[in-house]
$ cat work26.txt   # compact mmCIF, C-alpha atoms (C1' of nucleotides)
# COMPACT_ATOMS: atom_id res chain seq x y z
CA MET A 1 57.24 -40.39 -15.07
CA ALA A 2 59.96 -37.96 -16.04
CA VAL A 3 57.53 -35.10 -16.37
CA GLY A 4 57.06 -34.90 -12.68
CA HIS A 5 59.13 -31.94 -11.74
CA PRO A 6 58.71 -28.23 -12.41
CA GLN A 7 62.39 -27.87 -13.21
CA ARG A 8 61.99 -30.48 -15.92
CA LEU A 9 59.03 -28.67 -17.39
CA ARG A 10 61.05 -25.49 -17.52
CA ILE A 11 63.80 -27.29 -19.39
CA ILE A 12 61.29 -28.51 -21.94
CA ALA A 13 59.91 -25.00 -22.30
CA GLU A 14 63.35 -23.55 -22.85
CA LEU A 15 64.22 -26.16 -25.44
CA SER A 16 60.91 -25.73 -27.23
CA SER A 17 62.31 -22.73 -29.06
CA GLY A 18 65.43 -24.51 -30.22
CA ARG A 19 68.50 -26.50 -29.30
CA LEU A 20 70.90 -25.23 -26.68
CA HIS A 21 74.13 -26.40 -25.12
CA VAL A 22 74.34 -27.30 -21.47
CA SER A 23 76.07 -24.24 -20.06
CA GLU A 24 73.84 -21.83 -21.90
CA LEU A 25 70.75 -23.69 -20.80
CA ALA A 26 71.91 -23.66 -17.20
CA ARG A 27 72.43 -19.92 -17.37
CA ARG A 28 69.00 -19.29 -18.80
CA LEU A 29 67.32 -21.39 -16.16
CA GLY A 30 69.45 -20.01 -13.37
CA ILE A 31 70.40 -23.43 -12.05
CA SER A 32 73.72 -25.14 -11.52
CA ARG A 33 75.18 -27.21 -14.31
CA PRO A 34 75.38 -30.51 -12.41
CA LEU A 35 71.74 -30.20 -11.49
CA LEU A 36 70.86 -29.62 -15.09
CA TYR A 37 72.86 -32.69 -16.06
CA MET A 38 70.76 -34.77 -13.72
CA HIS A 39 67.49 -33.55 -15.11
CA LEU A 40 68.65 -33.87 -18.69
CA GLN A 41 69.63 -37.43 -17.99
CA ARG A 42 66.12 -38.19 -16.77
CA LEU A 43 64.57 -36.57 -19.80
CA GLU A 44 66.86 -38.51 -22.07
CA GLU A 45 65.97 -41.78 -20.36
CA ALA A 46 62.33 -40.94 -20.92
CA GLY A 47 63.08 -40.27 -24.57
CA MET A 48 61.90 -36.67 -24.49
CA VAL A 49 65.25 -35.11 -25.17
CA THR A 50 68.38 -36.05 -27.08
CA GLY A 51 71.88 -34.84 -26.44
CA GLU A 52 74.73 -34.70 -28.87
CA LEU A 53 78.29 -33.69 -28.29
CA GLU A 54 79.56 -31.46 -31.05
CA LEU A 55 82.66 -29.55 -31.92
CA SER A 56 81.95 -25.89 -32.44
CA PRO A 57 83.56 -24.08 -35.41
CA GLU A 58 86.31 -22.93 -33.06
CA GLY A 59 86.96 -26.49 -31.97
CA LYS A 60 85.35 -26.27 -28.56
CA ALA A 61 83.36 -29.23 -27.34
CA MET A 62 79.73 -28.41 -26.75
CA LYS A 63 76.87 -30.67 -25.94
CA PHE A 64 73.63 -29.67 -27.54
CA HIS A 65 70.25 -30.87 -26.42
CA GLU A 66 67.03 -30.78 -28.29
CA LEU A 67 63.46 -31.86 -27.83
CA VAL A 68 62.09 -35.07 -29.23
CA PRO A 69 58.45 -34.41 -30.13
CA PHE A 70 56.86 -36.71 -27.59
CA ARG A 71 53.27 -37.75 -27.14
CA VAL A 72 52.60 -39.58 -23.91
CA HIS A 73 49.23 -41.12 -23.36
CA VAL A 74 48.16 -42.33 -19.94
CA THR A 75 45.06 -44.38 -19.22
CA VAL A 76 44.14 -47.11 -16.79
CA ASP A 77 45.23 -49.65 -19.36
CA THR A 78 48.64 -48.14 -19.92
CA VAL A 79 49.15 -48.10 -16.17
CA LEU A 80 48.29 -51.78 -15.95
CA ASP A 81 50.65 -52.54 -18.81
CA ALA A 82 53.43 -50.57 -17.17
CA LEU A 83 52.98 -52.53 -13.99
CA ARG A 84 53.06 -55.85 -15.77
CA ALA A 85 56.19 -54.85 -17.65
CA ASP A 86 57.76 -53.77 -14.41
CA GLU A 87 56.99 -57.06 -12.72
CA ALA A 88 58.39 -58.99 -15.64
CA ALA A 89 61.57 -56.93 -15.51
CA LYS A 90 61.94 -57.56 -11.81
CA ALA A 91 61.35 -61.26 -12.22
CA ALA A 92 64.00 -61.45 -14.92
CA GLU A 93 66.41 -59.57 -12.71
CA ALA A 94 65.78 -61.90 -9.81
CA ALA A 95 66.33 -64.92 -12.00
CA ASP A 96 69.54 -63.32 -13.15
CA GLN A 97 70.72 -63.13 -9.58
CA GLU A 98 69.66 -66.56 -8.49
CA GLY A 99 71.27 -68.59 -11.18
CA PRO A 100 70.72 -67.85 -14.83
CA ASP A 101 68.68 -70.87 -15.71
CA ASP A 102 70.27 -71.15 -19.08
CA VAL A 103 71.13 -67.69 -20.24
CA GLN A 104 73.76 -67.19 -22.87
CA GLU A 105 75.22 -63.79 -22.09
CA SER A 106 76.45 -62.94 -25.53
CA LYS A 107 78.47 -59.78 -25.94
CA MET B 1 52.10 -35.61 -11.98
CA ALA B 2 50.22 -37.92 -9.65
CA VAL B 3 51.20 -41.00 -11.62
CA GLY B 4 54.74 -40.77 -10.47
CA HIS B 5 54.96 -43.41 -7.85
CA PRO B 6 54.81 -47.18 -8.05
CA GLN B 7 52.57 -47.34 -5.02
CA ARG B 8 50.07 -45.14 -6.79
CA LEU B 9 50.13 -47.35 -9.84
CA ARG B 10 49.41 -50.34 -7.67
CA ILE B 11 46.44 -48.56 -6.18
CA ILE B 12 45.07 -47.89 -9.63
CA ALA B 13 45.61 -51.50 -10.57
CA GLU B 14 43.78 -52.71 -7.51
CA LEU B 15 40.86 -50.39 -8.11
CA SER B 16 40.65 -51.32 -11.77
CA SER B 17 38.66 -54.40 -10.87
CA GLY B 18 36.17 -52.54 -8.74
CA ARG B 19 35.56 -50.20 -5.85
CA LEU B 20 37.02 -50.91 -2.45
CA HIS B 21 36.98 -49.28 0.95
CA VAL B 22 40.11 -47.92 2.52
CA SER B 23 40.92 -50.62 5.04
CA GLU B 24 40.38 -53.42 2.59
CA LEU B 25 42.51 -51.72 0.00
CA ALA B 26 45.28 -51.19 2.52
CA ARG B 27 45.20 -54.88 3.41
CA ARG B 28 45.41 -55.96 -0.20
CA LEU B 29 48.34 -53.71 -0.91
CA GLY B 30 50.07 -54.54 2.32
CA ILE B 31 50.58 -50.93 3.27
CA SER B 32 49.54 -48.90 6.27
CA ARG B 33 46.25 -47.07 6.20
CA PRO B 34 47.61 -43.57 6.74
CA LEU B 35 50.00 -44.05 3.86
CA LEU B 36 47.17 -45.14 1.67
CA TYR B 37 45.21 -42.06 2.69
CA MET B 38 48.02 -39.88 1.46
CA HIS B 39 48.23 -41.55 -1.90
CA LEU B 40 44.49 -41.58 -2.36
CA GLN B 41 44.44 -37.88 -1.64
CA ARG B 42 46.96 -37.28 -4.41
CA LEU B 43 45.01 -39.39 -6.83
CA GLU B 44 41.83 -37.56 -5.94
CA GLU B 45 43.50 -34.19 -6.46
CA ALA B 46 44.58 -35.39 -9.86
CA GLY B 47 41.01 -36.45 -10.61
CA MET B 48 41.86 -40.08 -11.17
CA VAL B 49 39.96 -41.44 -8.22
CA THR B 50 36.86 -40.48 -6.28
CA GLY B 51 36.04 -41.32 -2.69
CA GLU B 52 32.66 -41.53 -1.11
CA LEU B 53 31.76 -42.17 2.49
CA GLU B 54 28.93 -44.63 2.81
CA LEU B 55 27.02 -46.40 5.52
CA SER B 56 27.20 -50.15 5.17
CA PRO B 57 24.03 -52.22 5.66
CA GLU B 58 25.10 -52.79 9.26
CA GLY B 59 25.48 -49.10 9.84
CA LYS B 60 29.26 -48.94 9.74
CA ALA B 61 30.87 -46.00 8.04
CA MET B 62 33.01 -47.05 5.12
CA LYS B 63 34.76 -44.96 2.55
CA PHE B 64 34.75 -46.42 -0.90
CA HIS B 65 37.07 -45.36 -3.65
CA GLU B 66 36.73 -45.96 -7.32
CA LEU B 67 38.57 -45.14 -10.50
CA VAL B 68 37.63 -42.26 -12.71
CA PRO B 69 38.38 -43.32 -16.28
CA PHE B 70 41.14 -40.86 -17.00
CA ARG B 71 42.95 -40.09 -20.21
CA VAL B 72 45.99 -37.92 -19.75
CA HIS B 73 47.74 -36.63 -22.81
CA VAL B 74 51.16 -35.06 -22.58
CA THR B 75 52.93 -33.21 -25.37
CA VAL B 76 55.27 -30.27 -25.59
CA ASP B 77 52.28 -28.00 -25.97
CA THR B 78 50.47 -29.28 -22.91
CA VAL B 79 53.65 -28.80 -20.94
CA LEU B 80 53.90 -25.20 -22.09
CA ASP B 81 50.26 -24.62 -21.22
CA ALA B 82 50.72 -26.14 -17.78
CA LEU B 83 53.66 -23.84 -17.14
CA ARG B 84 51.73 -20.78 -18.22
CA ALA B 85 48.80 -21.74 -16.00
CA ASP B 86 51.17 -22.26 -13.12
CA GLU B 87 52.74 -18.86 -13.57
CA ALA B 88 49.36 -17.20 -13.74
CA ALA B 89 48.30 -18.95 -10.54
CA LYS B 90 51.45 -17.84 -8.78
CA ALA B 91 51.03 -14.27 -9.95
CA ALA B 92 47.46 -14.19 -8.69
CA GLU B 93 48.54 -15.60 -5.37
CA ALA B 94 51.28 -13.04 -5.02
CA ALA B 95 48.90 -10.20 -5.84
CA ASP B 96 46.56 -11.58 -3.24
CA GLN B 97 49.26 -11.42 -0.62
CA GLU B 98 50.81 -8.11 -1.43
CA GLY B 99 47.72 -6.05 -1.91
CA PRO B 100 46.26 -5.65 -5.36
CA ASP B 101 47.91 -3.65 -8.10
CA ASP B 102 49.99 -0.60 -7.36
CA VAL B 103 52.50 -2.44 -5.26
CA GLN B 104 55.60 -0.60 -4.22
CA GLU B 105 58.23 -3.17 -3.48
CA SER B 106 60.11 -1.27 -0.82
CA LYS B 107 63.40 -2.56 0.59
C1' DT C 1 100.60 -18.22 -18.97
C1' DT C 2 96.50 -16.71 -17.65
C1' DC C 3 91.74 -15.96 -18.87
C1' DA C 4 87.35 -17.36 -20.45
C1' DC C 5 84.87 -20.49 -22.25
C1' DC C 6 83.32 -25.51 -22.35
C1' DT C 7 82.25 -30.88 -20.59
C1' DG C 8 82.02 -34.05 -16.99
C1' DT C 9 81.73 -36.38 -12.18
C1' DA C 10 82.47 -37.10 -7.12
C1' DA C 11 81.09 -35.84 -2.66
C1' DT C 12 78.02 -33.56 0.18
C1' DT C 13 74.24 -31.14 2.03
C1' DT C 14 69.36 -29.93 1.95
C1' DA C 15 64.74 -30.40 1.29
C1' DC C 16 60.78 -33.04 0.76
C1' DA C 17 57.98 -37.03 -0.13
C1' DT C 18 57.18 -41.25 1.85
C1' DC C 19 56.01 -44.33 5.55
C1' DT C 20 55.25 -45.92 10.42
C1' DT C 21 53.52 -45.63 15.05
C1' DA C 22 50.23 -43.94 17.98
C1' DC C 23 46.08 -41.86 19.19
C1' DA C 24 41.02 -40.30 19.14
C1' DT C 25 36.45 -41.78 17.79
C1' DG C 26 32.46 -44.44 16.30
C1' DT C 27 29.41 -48.80 15.48
C1' DG C 28 27.89 -53.49 15.91
C1' DT C 29 28.70 -58.18 17.92
C1' DT C 30 29.92 -61.58 21.67
C1' DA D 1 32.74 -54.71 28.99
C1' DA D 2 35.78 -56.32 25.73
C1' DC D 3 36.45 -57.26 20.88
C1' DA D 4 36.58 -56.61 15.95
C1' DC D 5 35.69 -53.86 12.59
C1' DA D 6 35.70 -49.11 10.51
C1' DT D 7 37.38 -43.64 9.50
C1' DG D 8 40.47 -40.15 10.38
C1' DT D 9 44.65 -37.13 11.91
C1' DA D 10 49.00 -35.81 14.29
C1' DA D 11 53.90 -36.55 14.85
C1' DG D 12 58.08 -38.24 13.99
C1' DA D 13 61.43 -41.29 11.64
C1' DT D 14 63.31 -42.71 7.18
C1' DG D 15 64.76 -42.59 2.59
C1' DT D 16 65.71 -40.61 -1.57
C1' DA D 17 65.49 -37.08 -5.06
C1' DA D 18 67.17 -32.57 -5.67
C1' DA D 19 70.60 -29.19 -5.43
C1' DT D 20 75.19 -27.10 -4.27
C1' DT D 21 80.20 -27.03 -3.97
C1' DA D 22 84.41 -28.59 -5.50
C1' DC D 23 87.20 -30.80 -8.40
C1' DA D 24 89.66 -32.61 -12.99
C1' DG D 25 90.07 -32.04 -17.36
C1' DG D 26 90.25 -29.64 -22.53
C1' DT D 27 90.35 -25.65 -26.22
C1' DG D 28 91.28 -21.11 -28.07
C1' DA D 29 92.44 -16.31 -27.54
C1' DA D 30 94.84 -12.12 -25.17
$ encode --input "work26.txt" --output "structure tokens"
Amino acid sequence: MAVGHPQRLRIIAELSSGRLHVSELARRLGISRPLLYMHLQRLEEAGMVTGELELSPEGKAMKFHELVPFRVHVTVDTVLDALRADEAAKAAEAADQEGPDDVQESK
Amino acid sequence: MAVGHPQRLRIIAELSSGRLHVSELARRLGISRPLLYMHLQRLEEAGMVTGELELSPEGKAMKFHELVPFRVHVTVDTVLDALRADEAAKAAEAADQEGPDDVQESK
DNA sequence: TTCACCTGTAATTTACATCTTACATGTGTT
DNA sequence: AACACATGTAAGATGTAAATTACAGGTGAA
């Protein structure tokens, strides 16, 4: 689902040769930093990329991103599963709204 | 790329139990026919669905759609390949427009 | 202190996919 | 003829993802 945008593919391509920090990556791709943030967020949600804030030797904060070797497999069955999972999630959410039955929100 | 919309997933789910014609499918999904046409077109382009216009026993024209058992595999490498293919396609298109080879980008 | 880097996010605008309404057309049944 | 089906497309409204601009920080070096 996250691999549905050319910009995102380009990000993956750029990261395929190694980790980069946000600003550098934005420069290489020729896109604005906020836009890159958005796409990186999507890729992280999809588990294809991980980000890690680090302190450079000089003490500057830099957030590096790198690829997670992913292997997505899509068939009719996986689609059906995804739909079922989605419905279940929605149902749970609705129940959450309506009156929590008997949920013990630990935290 | 085509499996990037819940509506499309629902179409696949509905077709997973057998072929259906457009109007019937639209009724089951509760969406308008033109909208369904659009999504079916996308799915056909992606090679996940095939459509075939048939004459029913009573002589009515009906377009049936059915699932093509697809198996999409996505990895870093396939992404890189897709990008390269895309670039090649774009280059060819540009050459087509400009006039082959030997182009003198004036201006 | 100012400059040159960096990380973030809020507020908009822009562009595009999605979706509806409406129309043209055809066939068989009442 | 009017009705109930069907396929198909053209236009226009709607919604949302995508993208830009503008801000608020923070560090180290000249």
$ interface_residues --input "work26.txt" --of "chain A" --to "chain D" --cutoff "8 Å" --atoms "only C-alpha atoms (C1' of nucleotides)" --output "list in words"
Ser32, Leu35, Glu58, Gly59, Lys60 and Ala61 of chain A
$ calpha_fit_rmsd --input "work26.txt" --fixed "chain A" --moving "chain B"
5.0 Å
$ atom_distance --input "work26.txt" --atom1 "CA of Val22 in chain B" --atom2 "CA of Lys63 in chain B"
6.1 Å
$ closest_residue --input "work26.txt" --among "C:DA24, C:DC5, C:DC19, C:DT29" --to "chain B" --atoms "all atoms listed in the file"
C:DC19
$ interface_residues --input "work26.txt" --of "chain B" --to "chain A" --cutoff "12 Å" --atoms "all atoms listed in the file" --output "VMD selection string"
chain B and resid 1 to 17 48 to 49 67 to 84 86 to 87
$ residues_around --input "work26.txt" --residues "Met62 in chain A" --least-positions-apart "6" --cutoff "8 Å" --atoms "only C-alpha atoms (C1' of nucleotides)" --output "compact mmCIF listing (two decimals) with C-alpha atoms (C1' of nucleotides), keeping the file's coordinate frame"
# COMPACT_ATOMS: atom_id res chain seq x y z
CA HIS A 21 74.13 -26.40 -25.12
CA VAL A 22 74.34 -27.30 -21.47
CA LEU A 53 78.29 -33.69 -28.29
CA GLU A 54 79.56 -31.46 -31.05
CA LEU A 55 82.66 -29.55 -31.92
CA SER A 56 81.95 -25.89 -32.44
C1' DC C 6 83.32 -25.51 -22.35
C1' DT C 7 82.25 -30.88 -20.59
$ residues_around --input "work26.txt" --residues "Ile31 in chain B" --least-positions-apart "5" --cutoff "10 Å" --atoms "only C-alpha atoms (C1' of nucleotides)" --output "PyMOL selection string"
(chain B and resi 7+23+25-26+36) or (chain C and resi 19-20)
$ axis_aligned_box --input "work26.txt" --around "range 6-15 of chain D" --padding-each-side "3 Å" --output "lines of an AutoDock Vina configuration file"
center_x = 50.2
center_y = -42.5
center_z = 8.7
size_x = 35.1
size_y = 19.3
size_z = 18.3
$ atom_distance --input "work26.txt" --atom1 "C1' of DT2 in chain C" --atom2 "CA of Pro57 in chain A"
23.2 Å
$ atom_distance --input "work26.txt" --atom1 "CA of Arg19 in chain B" --atom2 "CA of Phe64 in chain B"
6.3 Å
$ closest_residue --input "work26.txt" --among "A:Ala88, A:Arg27, A:Gln41, A:Ala46" --to "His65 in chain A" --atoms "only C-alpha atoms"
A:Gln41
$ closest_residue --input "work26.txt" --among "A:Glu52, A:Ala91, A:Glu45, A:Gly18" --to "chain C" --atoms "all atoms listed in the file"
A:Glu52
